[in-house]
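Below is the file coords.csv, which contains CSV, C-alpha atoms.
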chain,number,residue,atom,x,y,z
Z,1,MET,CA,-84.2,61.8,-41.7
Z,2,HIS,CA,-86.9,60.1,-39.7
Z,3,THR,CA,-85.8,57.9,-36.8
Z,4,ASP,CA,-87.7,54.8,-35.8
Z,5,ARG,CA,-87.9,54.4,-32.0
Z,6,PHE,CA,-88.5,51.4,-29.8
Z,7,VAL,CA,-89.6,52.2,-26.3
Z,8,VAL,CA,-89.0,49.8,-23.4
Z,9,PHE,CA,-90.9,50.5,-20.1
Z,10,LYS,CA,-92.6,48.8,-17.2
Z,11,PHE,CA,-96.3,48.9,-16.8
Z,12,GLN,CA,-98.4,46.9,-14.3
Z,13,GLY,CA,-95.6,44.5,-13.5
Z,14,GLU,CA,-94.6,43.7,-17.1
Z,15,TRP,CA,-91.9,45.1,-19.3
Z,16,LEU,CA,-93.4,46.4,-22.6
Z,17,VAL,CA,-91.8,47.2,-25.9
Z,18,THR,CA,-93.6,49.5,-28.3
Z,19,TYR,CA,-92.7,50.5,-31.8
Z,20,ALA,CA,-94.6,53.2,-33.8
Z,21,ASP,CA,-98.3,52.5,-33.5
Z,22,ARG,CA,-97.9,48.7,-33.3
Z,23,GLU,CA,-99.3,46.6,-30.5
Z,24,GLN,CA,-97.2,46.4,-27.4
Z,25,THR,CA,-95.2,43.2,-26.7
Z,26,ALA,CA,-94.9,42.2,-23.0
Z,27,PHE,CA,-92.0,40.5,-21.3
Z,28,ALA,CA,-91.4,39.3,-17.8
Z,29,THR,CA,-88.0,40.9,-17.3
Z,30,ARG,CA,-86.4,44.1,-18.4
Z,31,GLN,CA,-83.5,42.2,-19.9
Z,32,ASP,CA,-85.8,40.2,-22.2
Z,33,ALA,CA,-87.6,43.4,-23.3
Z,34,GLU,CA,-84.3,45.2,-24.0
Z,35,ARG,CA,-82.9,42.2,-25.9
Z,36,SER,CA,-86.1,42.1,-28.1
Z,37,ALA,CA,-86.0,45.9,-28.7
Z,38,PHE,CA,-82.2,45.9,-29.6
Z,39,ASP,CA,-82.6,42.8,-31.9
Z,40,ALA,CA,-85.5,44.4,-33.8
Z,41,ALA,CA,-83.6,47.7,-34.0
Z,42,ASP,CA,-80.5,45.9,-35.4
Z,43,ILE,CA,-82.7,44.3,-38.1
Z,44,LEU,CA,-84.1,47.7,-39.1
Z,45,ALA,CA,-80.7,49.4,-39.0
Z,46,SER,CA,-79.2,46.7,-41.3
Z,47,SER,CA,-81.8,47.7,-43.9
Z,48,GLY,CA,-80.8,51.3,-43.7
Z,49,HIS,CA,-83.3,52.7,-41.2
Z,50,ALA,CA,-82.3,55.2,-38.5
Z,51,VAL,CA,-83.3,53.5,-35.3
Z,52,SER,CA,-83.1,54.3,-31.6
Z,53,VAL,CA,-84.1,52.4,-28.4
Z,54,LEU,CA,-85.4,54.4,-25.4
Z,55,ILE,CA,-85.4,52.6,-22.1
Z,56,ILE,CA,-87.6,54.2,-19.4
Z,57,PRO,CA,-86.3,52.9,-16.0
Z,58,ASP,CA,-88.7,51.6,-13.4
Z,59,GLU,CA,-89.2,54.1,-10.6
Z,60,ALA,CA,-87.7,51.6,-8.2
Z,61,GLU,CA,-84.6,51.3,-10.4
Z,62,GLU,CA,-84.0,55.0,-10.9
Z,63,ALA,CA,-80.5,56.0,-10.1
Z,64,THR,CA,-79.8,57.1,-6.6
Z,65,PHE,CA,-76.9,59.5,-6.2
Z,66,PRO,CA,-74.3,59.0,-3.5
Z,67,PRO,CA,-74.4,61.4,-0.6
Z,68,ASP,CA,-72.4,64.6,-1.0
Z,69,ARG,CA,-68.8,63.7,0.1
Z,70,ARG,CA,-68.5,67.0,2.0
Z,71,GLU,CA,-71.2,65.7,4.4
Z,72,GLN,CA,-69.0,62.7,5.2
Z,73,ARG,CA,-65.9,64.6,6.2
Z,74,THR,CA,-65.0,64.5,9.9
Z,75,SER,CA,-64.3,67.9,11.5
Z,76,LEU,CA,-60.7,68.3,12.6
Z,77,ASN,CA,-61.6,71.0,15.2
Could the structure of this file be written out as structure tokens, please?
Amino acid sequence: MHTDRFVVFKFQGEWLVTYADREQTAFATRQDAERSAFDAADILASSGHAVSVLIIPDEAEEATFPPDRREQRTSLN
């Protein structure tokens, strides 16, 4: 079965939502773009389509992992 996919990503200061080969829709915030993509995906899913939403994080928002706990231990010697 084919899955329709919405893609949310940041480009040149705007959050964009794309779907198939349709024109991109721009939003000022990631939250607005996500809401739009999920709302549209819900509408398609309710009519029987397989749908997914892919969110590509902004480089500045990428997860940073906490430092290795072993490095924080204090030596008892």
### Nearby residues (all atoms listed in the file) at most 9 Å from His49 of chain Z, same-chain spacing under 5 positions excluded, as number ranges by chain
Z: 2-4, 41, 43-44
### Message
Nearest residue to Gln24 of chain Z out of Z:Ala60, Z:Val7, Z:Asp39, Z:Ser46, using all atoms listed in the file?
### Response
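Nearest to Gln24 of chain Z: Z:Val7.
Pairwise distance (atom CA of Thr29 of chain Z, atom CA of Trp15 of chain Z) equals 6.1 Å.
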### Message
Please list as number ranges by chain every residue within 12 Å of Ala40 of chain Z, counting only C-alpha atoms and excluding residues in the same chain fewer than 6 positions away.
### Response
Z: 4-7, 17-19, 33-34, 46-47, 49, 51-53
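For the pair atom CA of Phe38 of chain Z and atom CA of Ile55 of chain Z, the separation is 10.6 Å.
One distance worth recording is that between atom CA of Asp58 of chain Z and atom CA of Arg30 of chain Z, which is 9.3 Å.
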Hey, what's within 8 Å of Glu14 of chain Z if we count only C-alpha atoms and toss same-chain stuff fewer than 6 positions away? As a compact mmCIF listing (two decimals) with C-alpha atoms, in the coordinates of the input, please?
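So the final result, stored in part-v2.txt, reads:
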# COMPACT_ATOMS: atom_id res chain seq x y z
CA ALA Z 26 -94.90 42.20 -23.00
CA PHE Z 27 -92.00 40.50 -21.30
CA ALA Z 28 -91.40 39.30 -17.80
CA THR Z 29 -88.00 40.90 -17.30
Please supply segment 22-43 of chain Z, rebuilt with N, CA and C atoms, as a PDB file, in the coordinates of the input.
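File selection.pdb, as written:
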ATOM      1  N   ARG Z  22     -97.631  50.136 -33.428  1.00  0.00           N
ATOM      2  CA  ARG Z  22     -97.900  48.700 -33.300  1.00  0.00           C
ATOM      3  C   ARG Z  22     -98.248  48.301 -31.922  1.00  0.00           C
ATOM      4  N   GLU Z  23     -98.843  47.145 -31.802  1.00  0.00           N
ATOM      5  CA  GLU Z  23     -99.300  46.600 -30.500  1.00  0.00           C
ATOM      6  C   GLU Z  23     -98.033  46.403 -29.610  1.00  0.00           C
ATOM      7  N   GLN Z  24     -98.240  46.547 -28.325  1.00  0.00           N
ATOM      8  CA  GLN Z  24     -97.200  46.400 -27.400  1.00  0.00           C
ATOM      9  C   GLN Z  24     -96.883  44.899 -27.149  1.00  0.00           C
ATOM     10  N   THR Z  25     -95.611  44.583 -26.962  1.00  0.00           N
ATOM     11  CA  THR Z  25     -95.200  43.200 -26.700  1.00  0.00           C
ATOM     12  C   THR Z  25     -94.746  43.195 -25.209  1.00  0.00           C
ATOM     13  N   ALA Z  26     -95.250  42.240 -24.415  1.00  0.00           N
ATOM     14  CA  ALA Z  26     -94.900  42.200 -23.000  1.00  0.00           C
ATOM     15  C   ALA Z  26     -93.876  41.115 -22.708  1.00  0.00           C
ATOM     16  N   PHE Z  27     -93.019  41.434 -21.730  1.00  0.00           N
ATOM     17  CA  PHE Z  27     -92.000  40.500 -21.300  1.00  0.00           C
ATOM     18  C   PHE Z  27     -91.931  40.509 -19.778  1.00  0.00           C
ATOM     19  N   ALA Z  28     -91.474  39.396 -19.218  1.00  0.00           N
ATOM     20  CA  ALA Z  28     -91.400  39.300 -17.800  1.00  0.00           C
ATOM     21  C   ALA Z  28     -90.281  40.058 -17.148  1.00  0.00           C
ATOM     22  N   THR Z  29     -89.172  40.213 -17.898  1.00  0.00           N
ATOM     23  CA  THR Z  29     -88.000  40.900 -17.300  1.00  0.00           C
ATOM     24  C   THR Z  29     -87.572  42.054 -18.242  1.00  0.00           C
ATOM     25  N   ARG Z  30     -86.902  42.992 -17.616  1.00  0.00           N
ATOM     26  CA  ARG Z  30     -86.400  44.100 -18.400  1.00  0.00           C
ATOM     27  C   ARG Z  30     -85.325  43.636 -19.393  1.00  0.00           C
ATOM     28  N   GLN Z  31     -84.497  42.666 -19.007  1.00  0.00           N
ATOM     29  CA  GLN Z  31     -83.500  42.200 -19.900  1.00  0.00           C
ATOM     30  C   GLN Z  31     -84.068  41.554 -21.166  1.00  0.00           C
ATOM     31  N   ASP Z  32     -85.150  40.789 -21.023  1.00  0.00           N
ATOM     32  CA  ASP Z  32     -85.800  40.200 -22.200  1.00  0.00           C
ATOM     33  C   ASP Z  32     -86.386  41.281 -23.100  1.00  0.00           C
ATOM     34  N   ALA Z  33     -86.993  42.294 -22.496  1.00  0.00           N
ATOM     35  CA  ALA Z  33     -87.600  43.400 -23.300  1.00  0.00           C
ATOM     36  C   ALA Z  33     -86.494  44.156 -24.020  1.00  0.00           C
ATOM     37  N   GLU Z  34     -85.396  44.452 -23.330  1.00  0.00           N
ATOM     38  CA  GLU Z  34     -84.300  45.200 -24.000  1.00  0.00           C
ATOM     39  C   GLU Z  34     -83.705  44.364 -25.118  1.00  0.00           C
ATOM     40  N   ARG Z  35     -83.502  43.075 -24.894  1.00  0.00           N
ATOM     41  CA  ARG Z  35     -82.900  42.200 -25.900  1.00  0.00           C
ATOM     42  C   ARG Z  35     -83.828  42.224 -27.176  1.00  0.00           C
ATOM     43  N   SER Z  36     -85.131  42.119 -26.969  1.00  0.00           N
ATOM     44  CA  SER Z  36     -86.100  42.100 -28.100  1.00  0.00           C
ATOM     45  C   SER Z  36     -86.008  43.443 -28.844  1.00  0.00           C
ATOM     46  N   ALA Z  37     -85.993  44.552 -28.103  1.00  0.00           N
ATOM     47  CA  ALA Z  37     -86.000  45.900 -28.700  1.00  0.00           C
ATOM     48  C   ALA Z  37     -84.662  46.063 -29.535  1.00  0.00           C
ATOM     49  N   PHE Z  38     -83.524  45.687 -28.944  1.00  0.00           N
ATOM     50  CA  PHE Z  38     -82.200  45.900 -29.600  1.00  0.00           C
ATOM     51  C   PHE Z  38     -82.121  44.932 -30.837  1.00  0.00           C
ATOM     52  N   ASP Z  39     -82.611  43.704 -30.725  1.00  0.00           N
ATOM     53  CA  ASP Z  39     -82.600  42.800 -31.900  1.00  0.00           C
ATOM     54  C   ASP Z  39     -83.400  43.344 -33.030  1.00  0.00           C
ATOM     55  N   ALA Z  40     -84.603  43.828 -32.722  1.00  0.00           N
ATOM     56  CA  ALA Z  40     -85.500  44.400 -33.800  1.00  0.00           C
ATOM     57  C   ALA Z  40     -84.833  45.659 -34.358  1.00  0.00           C
ATOM     58  N   ALA Z  41     -84.219  46.474 -33.506  1.00  0.00           N
ATOM     59  CA  ALA Z  41     -83.600  47.700 -34.000  1.00  0.00           C
ATOM     60  C   ALA Z  41     -82.391  47.351 -34.905  1.00  0.00           C
ATOM     61  N   ASP Z  42     -81.635  46.312 -34.559  1.00  0.00           N
ATOM     62  CA  ASP Z  42     -80.500  45.900 -35.400  1.00  0.00           C
ATOM     63  C   ASP Z  42     -81.010  45.456 -36.791  1.00  0.00           C
ATOM     64  N   ILE Z  43     -82.128  44.756 -36.839  1.00  0.00           N
ATOM     65  CA  ILE Z  43     -82.700  44.300 -38.100  1.00  0.00           C
ATOM     66  C   ILE Z  43     -83.062  45.512 -38.979  1.00  0.00           C
TER      67      ILE Z  43
END
